[in-house]
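Dumped start22.cif below, it's mmCIF, C-alpha atoms and all ligand atoms:
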```cif
data_start
loop_
_atom_site.label_atom_id
_atom_site.label_comp_id
_atom_site.auth_asym_id
_atom_site.auth_seq_id
_atom_site.Cartn_x
_atom_site.Cartn_y
_atom_site.Cartn_z
CA MET A 1 -154.05 55.86 32.38
CA ASN A 2 -156.27 54.03 34.81
CA ARG A 3 -158.23 56.91 36.40
CA THR A 4 -159.27 55.07 39.57
CA THR A 5 -155.80 54.01 40.66
CA ASN A 6 -153.87 56.70 38.77
CA LYS A 7 -151.43 53.99 37.72
CA LEU A 8 -149.98 53.88 34.27
CA ASN A 9 -150.36 50.65 32.35
CA LEU A 10 -147.07 50.49 30.52
CA ASN A 11 -148.41 47.78 28.20
CA ASN A 12 -150.56 50.46 26.58
CA ILE A 13 -147.76 52.91 26.05
CA PRO A 14 -147.84 53.02 22.23
CA LEU A 15 -151.51 53.97 22.39
CA LEU A 16 -150.96 56.48 25.14
CA VAL A 17 -148.07 58.20 23.41
CA GLU A 18 -150.23 58.56 20.31
CA ASN A 19 -153.30 59.83 22.19
CA LEU A 20 -151.43 62.25 24.38
CA SER A 21 -149.10 63.59 21.73
CA SER A 22 -150.70 67.05 21.78
CA LYS A 23 -150.75 67.27 25.60
CA PRO A 24 -147.84 67.52 28.03
CA LEU A 25 -146.65 63.98 28.58
CA ASP A 26 -146.82 62.43 31.97
CA GLU A 27 -143.30 62.28 33.39
CA ARG A 28 -143.55 58.51 33.50
CA ILE A 29 -143.98 58.27 29.73
CA ARG A 30 -141.65 61.16 29.03
CA ARG A 31 -138.82 59.20 30.58
CA LEU A 32 -138.99 56.54 27.88
CA PRO A 33 -136.58 57.52 25.08
CA LYS A 34 -137.86 59.63 22.27
CA VAL A 35 -134.53 59.31 20.47
CA ILE A 36 -132.40 56.19 20.01
CA ILE A 37 -128.95 56.00 18.45
CA ILE A 38 -129.43 52.44 17.16
CA GLY A 39 -125.97 51.96 15.61
CA VAL A 40 -123.73 51.23 13.95
CA LYS A 41 -121.07 49.68 16.17
CA LYS A 42 -117.64 51.36 15.75
CA CYS A 43 -118.99 54.17 13.57
CA GLY A 44 -118.83 57.07 16.06
CA THR A 45 -121.97 56.45 18.12
CA ARG A 46 -120.30 57.33 21.45
CA ALA A 47 -119.02 60.68 20.20
CA LEU A 48 -122.43 61.62 18.80
CA PHE A 49 -124.16 60.52 22.00
CA GLU A 50 -121.81 62.46 24.29
CA CYS A 51 -122.10 65.59 22.16
CA LEU A 52 -125.91 65.43 22.10
CA LYS A 53 -125.96 65.15 25.88
CA LEU A 54 -124.60 68.71 25.93
CA HIS A 55 -128.05 69.87 24.84
CA PRO A 56 -129.98 71.23 27.84
CA LEU A 57 -133.14 69.30 26.90
CA ILE A 58 -131.52 65.93 26.13
CA LYS A 59 -130.95 63.51 29.01
CA ALA A 60 -129.40 60.07 28.74
CA PRO A 61 -128.01 57.27 30.90
CA GLY A 62 -124.27 56.51 31.02
CA PRO A 63 -124.22 52.80 30.16
CA GLU A 64 -125.90 51.31 27.09
CA PRO A 65 -129.30 49.99 28.31
CA HIS A 66 -129.51 47.09 25.78
CA PHE A 67 -133.22 47.02 26.55
CA PHE A 68 -134.64 45.90 23.21
CA ASP A 69 -132.03 43.21 22.60
CA ARG A 70 -130.89 41.77 25.96
CA ASN A 71 -133.26 43.11 28.61
CA TYR A 72 -136.63 43.11 26.87
CA HIS A 73 -137.98 40.50 29.28
CA ARG A 74 -137.54 43.04 32.10
CA GLY A 75 -140.31 45.18 30.64
CA LEU A 76 -140.81 48.88 30.06
CA TYR A 77 -140.81 49.69 33.79
CA TRP A 78 -137.20 48.55 33.90
CA TYR A 79 -136.34 50.50 30.76
CA ARG A 80 -137.94 53.61 32.16
CA SER A 81 -136.02 53.21 35.40
CA MET A 82 -132.75 53.15 33.41
CA MET A 83 -133.47 56.62 32.07
CA PRO A 84 -132.71 59.79 34.01
CA ALA A 85 -135.64 61.72 35.45
CA THR A 86 -136.83 64.52 33.21
CA LYS A 87 -138.62 67.83 33.60
CA GLU A 88 -141.26 69.01 31.19
CA HIS A 89 -139.91 69.51 27.62
CA GLU A 90 -136.83 67.42 28.37
CA ILE A 91 -136.42 64.18 26.45
CA THR A 92 -134.40 61.03 26.99
CA MET A 93 -132.12 59.24 24.57
CA ASP A 94 -130.79 55.67 24.40
CA LYS A 95 -127.64 54.62 22.54
CA THR A 96 -127.18 50.90 21.98
CA PRO A 97 -125.42 50.05 18.69
CA ARG A 98 -126.41 46.40 18.91
CA TYR A 99 -130.04 47.34 18.18
CA PHE A 100 -129.18 48.06 14.55
CA VAL A 101 -128.38 44.43 13.70
CA SER A 102 -130.81 42.67 16.07
CA PRO A 103 -133.75 41.26 14.05
CA ASP A 104 -136.47 41.66 16.71
CA VAL A 105 -135.60 45.18 17.77
CA PRO A 106 -137.37 47.24 15.06
CA ALA A 107 -140.78 45.71 15.94
CA ARG A 108 -140.15 46.06 19.68
CA THR A 109 -139.13 49.69 19.30
CA TYR A 110 -142.20 50.37 17.17
CA ASN A 111 -144.39 48.77 19.84
CA MET A 112 -143.00 51.15 22.45
CA SER A 113 -143.73 54.12 20.19
CA PRO A 114 -144.04 54.43 16.41
CA ASN A 115 -142.89 58.04 16.84
CA THR A 116 -139.43 57.07 18.10
CA LYS A 117 -136.68 59.00 16.30
CA LEU A 118 -133.87 56.73 15.16
CA VAL A 119 -130.35 57.92 14.47
CA ILE A 120 -127.93 55.69 12.56
CA VAL A 121 -124.24 56.51 12.28
CA VAL A 122 -122.48 54.85 9.33
CA ARG A 123 -118.84 54.86 8.34
CA ASP A 124 -116.80 53.34 5.51
CA PRO A 125 -117.67 49.67 6.19
CA VAL A 126 -114.10 48.49 5.55
CA ILE A 127 -112.73 50.85 8.21
CA ARG A 128 -115.61 49.87 10.48
CA ALA A 129 -114.65 46.21 10.08
CA LEU A 130 -111.02 46.99 10.92
CA SER A 131 -112.11 48.95 13.97
CA ASP A 132 -114.43 46.15 15.11
CA PHE A 133 -111.74 43.50 14.68
CA THR A 134 -109.16 45.67 16.46
CA GLN A 135 -111.52 45.95 19.41
CA ALA A 136 -112.16 42.19 19.42
CA VAL A 137 -108.40 41.54 19.48
CA SER A 138 -107.85 44.00 22.32
CA LYS A 139 -110.63 42.33 24.34
CA HIS A 140 -109.13 38.88 23.61
CA GLU A 141 -112.36 37.86 21.88
CA VAL A 142 -110.51 36.25 18.96
CA GLU A 143 -107.99 33.40 18.99
CA SER A 144 -104.42 34.67 19.19
CA ASN A 145 -103.53 33.37 15.70
CA MET A 146 -106.59 34.88 14.01
CA THR A 147 -105.86 37.63 11.48
CA PHE A 148 -108.18 40.19 9.94
CA ARG A 149 -107.76 38.53 6.55
CA ARG A 150 -108.74 35.11 7.88
CA ARG A 151 -111.74 36.62 9.65
CA VAL A 152 -113.19 38.43 6.64
CA LEU A 153 -112.07 36.31 3.68
CA ARG A 154 -112.60 32.63 2.97
CA ARG A 155 -109.72 30.35 2.04
CA ASP A 156 -110.53 30.76 -1.66
CA GLY A 157 -110.19 34.54 -1.27
CA ASP A 158 -113.90 35.36 -1.47
CA THR A 159 -115.53 37.51 1.20
CA ASN A 160 -116.73 35.52 4.20
CA ILE A 161 -120.33 36.64 4.30
CA HIS A 162 -120.94 34.57 7.45
CA SER A 163 -118.59 36.74 9.51
CA SER A 164 -120.54 39.17 11.70
CA ILE A 165 -117.75 41.71 11.19
CA VAL A 166 -118.49 41.62 7.45
CA GLN A 167 -122.28 41.47 7.84
CA THR A 168 -122.55 44.52 10.08
CA GLY A 169 -121.18 46.72 7.27
CA ILE A 170 -123.99 45.74 4.87
CA TYR A 171 -125.90 48.71 6.21
CA VAL A 172 -128.69 48.62 3.66
CA ARG A 173 -129.74 45.13 4.75
CA TYR A 174 -130.40 46.29 8.32
CA VAL A 175 -131.87 49.66 7.38
CA THR A 176 -134.42 47.73 5.31
CA ASN A 177 -135.52 45.87 8.46
CA TRP A 178 -136.08 49.18 10.25
CA LEU A 179 -137.98 50.61 7.29
CA LYS A 180 -140.53 47.80 7.60
CA TYR A 181 -141.71 49.52 10.78
CA PHE A 182 -140.61 53.13 10.62
CA GLY A 183 -141.04 55.70 7.86
CA SER A 184 -137.93 57.37 6.48
CA SER A 185 -138.96 60.56 8.32
CA ASN A 186 -138.25 58.71 11.59
CA ILE A 187 -134.75 57.70 10.52
CA HIS A 188 -131.75 60.02 10.30
CA ILE A 189 -128.49 58.74 8.87
CA VAL A 190 -125.27 60.41 9.95
CA SER A 191 -121.77 60.11 8.48
CA GLY A 192 -119.28 58.88 11.06
CA GLU A 193 -116.48 60.52 9.08
CA GLU A 194 -118.27 63.88 9.28
CA ILE A 195 -118.68 63.56 13.05
CA VAL A 196 -114.89 63.87 13.13
CA THR A 197 -114.37 66.48 10.41
CA ASN A 198 -117.45 68.67 10.90
CA PRO A 199 -119.15 67.82 14.20
CA LEU A 200 -121.14 71.05 14.50
CA ALA A 201 -122.80 70.58 11.11
CA VAL A 202 -123.73 66.99 12.01
CA LEU A 203 -125.05 68.03 15.41
CA GLY A 204 -127.09 70.81 13.80
CA THR A 205 -128.94 68.39 11.53
CA VAL A 206 -129.44 65.87 14.34
CA GLN A 207 -130.92 68.54 16.62
CA ASP A 208 -133.28 69.58 13.79
CA PHE A 209 -134.28 65.95 13.30
CA ILE A 210 -134.96 65.48 17.00
CA GLY A 211 -136.95 68.70 17.03
CA VAL A 212 -134.96 70.72 19.57
CA GLU A 213 -133.40 74.17 19.14
CA ARG A 214 -129.78 74.16 17.95
CA GLU A 215 -127.97 74.76 21.26
CA ILE A 216 -124.71 72.86 20.76
CA ASP A 217 -122.18 75.29 19.35
CA GLY A 218 -118.45 75.95 18.97
CA ASN A 219 -118.12 76.93 22.64
CA LEU A 220 -118.89 73.36 23.61
CA ILE A 221 -116.97 71.38 20.98
CA TYR A 222 -113.32 71.88 20.06
CA PHE A 223 -110.78 69.90 18.07
CA ASN A 224 -108.17 68.26 20.27
CA LYS A 225 -105.02 68.02 18.14
CA THR A 226 -103.33 65.51 20.45
CA ARG A 227 -106.27 63.08 20.29
CA GLY A 228 -107.01 63.91 16.66
CA PHE A 229 -110.70 64.12 17.46
CA PRO A 230 -113.34 66.63 18.50
CA CYS A 231 -113.72 66.75 22.30
CA ILE A 232 -116.11 68.67 24.54
CA ARG A 233 -115.92 71.51 27.02
CA ILE A 234 -118.03 71.24 30.14
CA LEU A 235 -118.79 74.89 30.81
CA LYS A 236 -120.43 74.24 34.21
CA LEU A 237 -117.08 72.92 35.43
CA LYS A 238 -114.71 75.71 34.49
CA SER A 239 -112.02 74.69 32.01
CA THR A 240 -112.97 71.01 32.19
CA THR A 241 -112.69 69.16 28.92
CA LYS A 242 -113.60 65.62 28.00
CA CYS A 243 -112.56 63.35 25.14
CA PHE A 244 -114.22 60.05 24.38
CA GLY A 245 -112.47 56.97 25.70
CA GLU A 246 -108.91 55.77 25.42
CA THR A 247 -110.05 52.90 23.21
CA LYS A 248 -111.39 55.22 20.50
CA GLY A 249 -109.00 56.19 17.75
CA ARG A 250 -106.46 53.45 18.49
CA ASN A 251 -104.31 52.09 15.68
CA HIS A 252 -106.11 49.42 13.72
CA VAL A 253 -104.62 45.99 13.12
CA GLN A 254 -102.47 45.80 9.99
CA THR A 255 -103.71 43.92 6.97
CA ASP A 256 -102.73 43.52 3.32
CA SER A 257 -104.00 45.62 0.43
CA THR A 258 -105.61 42.62 -1.34
CA THR A 259 -107.89 42.02 1.64
CA LEU A 260 -108.87 45.69 1.77
CA LYS A 261 -109.56 45.76 -1.96
CA ARG A 262 -111.62 42.59 -1.79
CA LEU A 263 -113.75 44.03 1.01
CA ASN A 264 -114.11 47.38 -0.75
CA ASP A 265 -115.35 45.62 -3.88
CA PHE A 266 -117.74 43.55 -1.81
CA TYR A 267 -119.35 46.56 -0.10
CA ARG A 268 -119.49 48.87 -3.14
CA PRO A 269 -122.96 47.86 -4.42
CA PHE A 270 -124.44 47.90 -0.89
CA ASN A 271 -122.96 51.34 -0.23
CA GLN A 272 -124.69 52.73 -3.31
CA TYR A 273 -128.04 51.55 -1.91
CA SER A 274 -127.32 53.28 1.40
CA ILE A 275 -126.71 56.57 -0.37
CA CYS A 276 -130.15 56.31 -2.03
CA LEU A 277 -131.78 55.96 1.38
CA ASN A 278 -130.43 59.27 2.66
N1 LIG A 301 -114.83 62.76 18.81
C1 LIG A 301 -114.46 61.50 18.74
N2 LIG A 301 -113.67 60.97 19.70
C2 LIG A 301 -113.30 59.66 19.63
N3 LIG A 301 -113.68 58.81 18.64
C3 LIG A 301 -114.47 59.31 17.69
C4 LIG A 301 -114.89 60.65 17.69
N4 LIG A 301 -115.67 60.84 16.61
C5 LIG A 301 -115.73 59.68 15.96
N5 LIG A 301 -115.00 58.76 16.60
C6 LIG A 301 -114.83 57.38 16.14
O1 LIG A 301 -115.69 56.57 16.88
C7 LIG A 301 -115.22 55.24 16.70
C8 LIG A 301 -115.84 54.33 17.75
O2 LIG A 301 -117.18 54.20 17.40
P1 LIG A 301 -118.32 53.96 18.47
O3 LIG A 301 -118.29 55.02 19.50
O4 LIG A 301 -119.58 53.79 17.72
O5 LIG A 301 -117.85 52.58 19.11
S1 LIG A 301 -118.74 51.60 19.97
O6 LIG A 301 -119.53 50.80 19.04
O7 LIG A 301 -119.57 52.38 20.91
O8 LIG A 301 -117.73 50.76 20.67
C9 LIG A 301 -113.71 55.36 16.80
O9 LIG A 301 -113.20 54.36 15.95
P2 LIG A 301 -111.69 53.91 15.95
O10 LIG A 301 -110.90 55.08 15.44
O11 LIG A 301 -111.65 52.78 15.03
O12 LIG A 301 -111.34 53.55 17.36
C10 LIG A 301 -113.45 56.78 16.31
O13 LIG A 301 -112.81 56.81 15.06
#
```

What would the structure in this file look like if it were written as structure tokens?
Ligand SMILES: Nc1ncnc2c1ncn2[C@@H]1O[C@H](COP(=O)(O)OS(=O)(=O)O)[C@@H](OP(=O)(O)O)[C@H]1O
Amino acid sequence: MNRTTNKLNLNNIPLLVENLSSKPLDERIRRLPKVIIIGVKKCGTRALFECLKLHPLIKAPGPEPHFFDRNYHRGLYWYRSMMPATKEHEITMDKTPRYFVSPDVPARTYNMSPNTKLVIVVRDPVIRALSDFTQAVSKHEVESNMTFRRRVLRRDGDTNIHSSIVQTGIYVRYVTNWLKYFGSSNIHIVSGEEIVTNPLAVLGTVQDFIGVEREIDGNLIYFNKTRGFPCIRILKLKSTTKCFGETKGRNHVQTDSTTLKRLNDFYRPFNQYSICLN
């Protein structure tokens, strides 16, 4: 902090966050996210994010800020302005799944603060790929005659390792990039399948990792049989409930069993690495 002008130099934030870690943080620093859900796309990041926002001390913006990948040139002032205002002890959280696969983002995040807590949601990479492709089709991002098989396999039947839909599921490759900057104590890996089957257990471990009291309980989360997913109760608004987006949980595009087997075989060795990292 520049004492004469009382203005914060946001270029020095990593240093400041370190030096001030034992003192109450200035609101201007506090607003920068302490927690980031960095990915993975189509693994359950939205559900985790919305559930964590139920915690009284966790504040987060609605849209994905995409600061470290698309808006980095706007600077930390911009990033800070995207975050909701906080009171003392409250923390802010970003969720931008694109960060996970963006090569420059680990270093940029580290430069903001080496203490940033990173949450990664992973899911069976074959199902993730199907979900990703289904979304691309629904957004008309793929040619109308493109099939899942043609997207993920080459003509000779081998896996198309140049397809981003295939690459994103090689989780260990990207986690390794993050581990060049952050220690494993800064990274928490969550099972996207468990977010659906046992959300309270997942949320318990994530709250412990973030370092807040476990406040999200069974009064706030319930299983909505019609949607087939956990949804939330907003207690402030009596009997209001919220599920997460019409586009979540839609039927995936159909594909053949050979394609699924080929992809499963491709990911198997990478998946074993991911398990070791947990
Ligand atoms: N509670 C709850 N409600 C709705 N959806 C849930 C929930 N928990 C996990 N999921 C799964 O989240 C998948 C979408 O993942 P993301 O939120 O990471 O997608 S995105 O990258 O933000 O677009 C989405 O994938 P699809 O089923 O393929 O649509 C869901 O299966």

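Residue nearest A:Asp69, chosen from A:Ala47, A:Met82, A:Val40, A:Val101 and counting only C-alpha atoms: A:Val101.
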
Residues within 9 Å of A:His66, only C-alpha atoms, excluding chain neighbours under 5 positions, as a PDB file with C-alpha atoms, in the coordinates of the input:
```pdb
ATOM      1  CA  ASN A  71    -133.260  43.110  28.610  1.00  0.00           C
ATOM      2  CA  TYR A  72    -136.630  43.110  26.870  1.00  0.00           C
ATOM      3  CA  ASP A  94    -130.790  55.670  24.400  1.00  0.00           C
ATOM      4  CA  LYS A  95    -127.640  54.620  22.540  1.00  0.00           C
ATOM      5  CA  THR A  96    -127.180  50.900  21.980  1.00  0.00           C
ATOM      6  CA  PRO A  97    -125.420  50.050  18.690  1.00  0.00           C
ATOM      7  CA  ARG A  98    -126.410  46.400  18.910  1.00  0.00           C
ATOM      8  CA  TYR A  99    -130.040  47.340  18.180  1.00  0.00           C
TER       9      TYR A  99
END
```

Q) So which residues are near ligand LIG 301 (chain A), meaning at most 8 Å away with only C-alpha atoms and all ligand atoms counted, given back as number ranges by chain? A) A: 39-48, 96-97, 121, 127-128, 130-132, 134-135, 192-193, 195-196, 227-231, 243-245, 247-252

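Of note, atom CA of A:Val202 and atom CA of A:Leu118 are spaced 14.8 Å apart.
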
**Q.** Two-atom distance - atom CA of A:Phe100, atom CA of A:Ile221 (Å)
**A.** 27.1 Å

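Minimum distance to A:Tyr110 across A:Met83, A:Leu179, A:Leu57, A:Ile234 (counting only C-alpha atoms) occurs at A:Leu179.
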
Q.
Can you tell me which residues surround stretch 149-158 of chain A at a distance of at most 9 Å, considering only C-alpha atoms, apart from same-chain residues fewer than 5 positions away, and format the answer as number ranges by chain?
A. A: 129, 133, 163-166, 255-256, 259-260, 262-263

Q: Write out as a PyMOL selection string which residues come within 12 Å of A:Ala85 when counting all atoms listed in the file, dropping same-chain ones fewer than 5 positions away.
A: chain A and resi 26-33+57-61+80+90-93

For stretch 268-272 of chain A, work out the shell of residues within 9 Å, counting all atoms listed in the file and skipping chain neighbours fewer than 3 positions away, then give it as a PDB file with C-alpha atoms, keeping the file's coordinate frame.
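Below is the file result07.pdb, written as the result:
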```
ATOM      1  CA  ASP A 124    -116.800  53.340   5.510  1.00  0.00           C
ATOM      2  CA  PRO A 125    -117.670  49.670   6.190  1.00  0.00           C
ATOM      3  CA  GLY A 169    -121.180  46.720   7.270  1.00  0.00           C
ATOM      4  CA  ILE A 170    -123.990  45.740   4.870  1.00  0.00           C
ATOM      5  CA  TYR A 171    -125.900  48.710   6.210  1.00  0.00           C
ATOM      6  CA  VAL A 172    -128.690  48.620   3.660  1.00  0.00           C
ATOM      7  CA  ARG A 173    -129.740  45.130   4.750  1.00  0.00           C
ATOM      8  CA  LEU A 263    -113.750  44.030   1.010  1.00  0.00           C
ATOM      9  CA  ASN A 264    -114.110  47.380  -0.750  1.00  0.00           C
ATOM     10  CA  ASP A 265    -115.350  45.620  -3.880  1.00  0.00           C
ATOM     11  CA  ILE A 275    -126.710  56.570  -0.370  1.00  0.00           C
ATOM     12  CA  CYS A 276    -130.150  56.310  -2.030  1.00  0.00           C
TER      13      CYS A 276
END
```

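Candidate residues A:Val253, A:Leu200, A:Met146, A:Ile120 were compared for distance to A:Arg214, and the nearest is A:Leu200, using only C-alpha atoms.
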
Q: For A:Gly204, list every protein, DNA or RNA residue within 10 Å, evaluated using all atoms listed in the file, and leave out those in the same chain fewer than 6 positions away; present the list as a PyMOL selection string.
A: chain A and resi 52+212-217

(Q) Just the number, please: distance in Å from atom CA of A:Ile210 to atom CA of A:Thr240, one decimal. (A) 27.3 Å

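Distance check against A:Phe148 using all atoms listed in the file: of A:Tyr267, A:Asn224, A:Pro199, A:Thr258, the minimum falls on A:Thr258.
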
Is there a way to complete stretch 138-163 of chain A with N, CA and C atoms and then write that out as a CSV table (one decimal), in the frame of the given file?
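Output file rebuild.csv is given in full below:
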```csv
chain,number,residue,atom,x,y,z
A,138,SER,N,-108.3,43.4,21.1
A,138,SER,CA,-107.8,44.0,22.3
A,138,SER,C,-108.6,43.4,23.5
A,139,LYS,N,-109.8,42.9,23.3
A,139,LYS,CA,-110.6,42.3,24.3
A,139,LYS,C,-110.4,40.8,24.4
A,140,HIS,N,-109.5,40.3,23.6
A,140,HIS,CA,-109.1,38.9,23.6
A,140,HIS,C,-110.4,38.0,23.2
A,141,GLU,N,-111.2,38.6,22.3
A,141,GLU,CA,-112.4,37.9,21.9
A,141,GLU,C,-112.1,37.0,20.6
A,142,VAL,N,-110.9,37.1,20.1
A,142,VAL,CA,-110.5,36.2,19.0
A,142,VAL,C,-109.3,35.4,19.3
A,143,GLU,N,-109.1,34.3,18.7
A,143,GLU,CA,-108.0,33.4,19.0
A,143,GLU,C,-106.7,34.2,18.6
A,144,SER,N,-105.6,33.9,19.4
A,144,SER,CA,-104.4,34.7,19.2
A,144,SER,C,-103.8,34.6,17.8
A,145,ASN,N,-104.1,33.5,17.1
A,145,ASN,CA,-103.5,33.4,15.7
A,145,ASN,C,-104.5,33.9,14.6
A,146,MET,N,-105.6,34.4,15.0
A,146,MET,CA,-106.6,34.9,14.0
A,146,MET,C,-106.1,36.2,13.4
A,147,THR,N,-106.2,36.4,12.1
A,147,THR,CA,-105.9,37.6,11.5
A,147,THR,C,-107.1,38.2,10.9
A,148,PHE,N,-107.0,39.5,10.6
A,148,PHE,CA,-108.2,40.2,9.9
A,148,PHE,C,-108.5,39.5,8.6
A,149,ARG,N,-107.5,39.2,7.8
A,149,ARG,CA,-107.8,38.5,6.6
A,149,ARG,C,-108.5,37.2,6.7
A,150,ARG,N,-108.1,36.4,7.7
A,150,ARG,CA,-108.7,35.1,7.9
A,150,ARG,C,-110.2,35.3,8.4
A,151,ARG,N,-110.4,36.4,9.1
A,151,ARG,CA,-111.7,36.6,9.6
A,151,ARG,C,-112.7,37.1,8.6
A,152,VAL,N,-112.2,37.9,7.6
A,152,VAL,CA,-113.2,38.4,6.6
A,152,VAL,C,-113.2,37.8,5.3
A,153,LEU,N,-112.1,37.0,5.0
A,153,LEU,CA,-112.1,36.3,3.7
A,153,LEU,C,-112.1,34.8,3.9
A,154,ARG,N,-112.6,34.1,2.9
A,154,ARG,CA,-112.6,32.6,3.0
A,154,ARG,C,-111.3,32.2,2.4
A,155,ARG,N,-111.0,30.9,2.5
A,155,ARG,CA,-109.7,30.4,2.0
A,155,ARG,C,-109.5,30.6,0.6
A,156,ASP,N,-110.7,30.5,-0.2
A,156,ASP,CA,-110.5,30.8,-1.7
A,156,ASP,C,-110.4,32.2,-2.0
A,157,GLY,N,-110.4,33.1,-1.0
A,157,GLY,CA,-110.2,34.5,-1.3
A,157,GLY,C,-111.5,35.3,-1.4
A,158,ASP,N,-112.6,34.6,-1.4
A,158,ASP,CA,-113.9,35.4,-1.5
A,158,ASP,C,-114.2,35.9,-0.1
A,159,THR,N,-115.1,36.9,-0.1
A,159,THR,CA,-115.5,37.5,1.2
A,159,THR,C,-116.3,36.5,2.0
A,160,ASN,N,-116.0,36.4,3.3
A,160,ASN,CA,-116.7,35.5,4.2
A,160,ASN,C,-118.0,36.2,4.7
A,161,ILE,N,-119.1,35.9,4.0
A,161,ILE,CA,-120.3,36.6,4.3
A,161,ILE,C,-121.0,36.1,5.6
A,162,HIS,N,-120.4,35.1,6.2
A,162,HIS,CA,-120.9,34.6,7.4
A,162,HIS,C,-120.3,35.3,8.6
A,163,SER,N,-119.3,36.0,8.4
A,163,SER,CA,-118.6,36.7,9.5
A,163,SER,C,-119.4,37.9,9.9
```
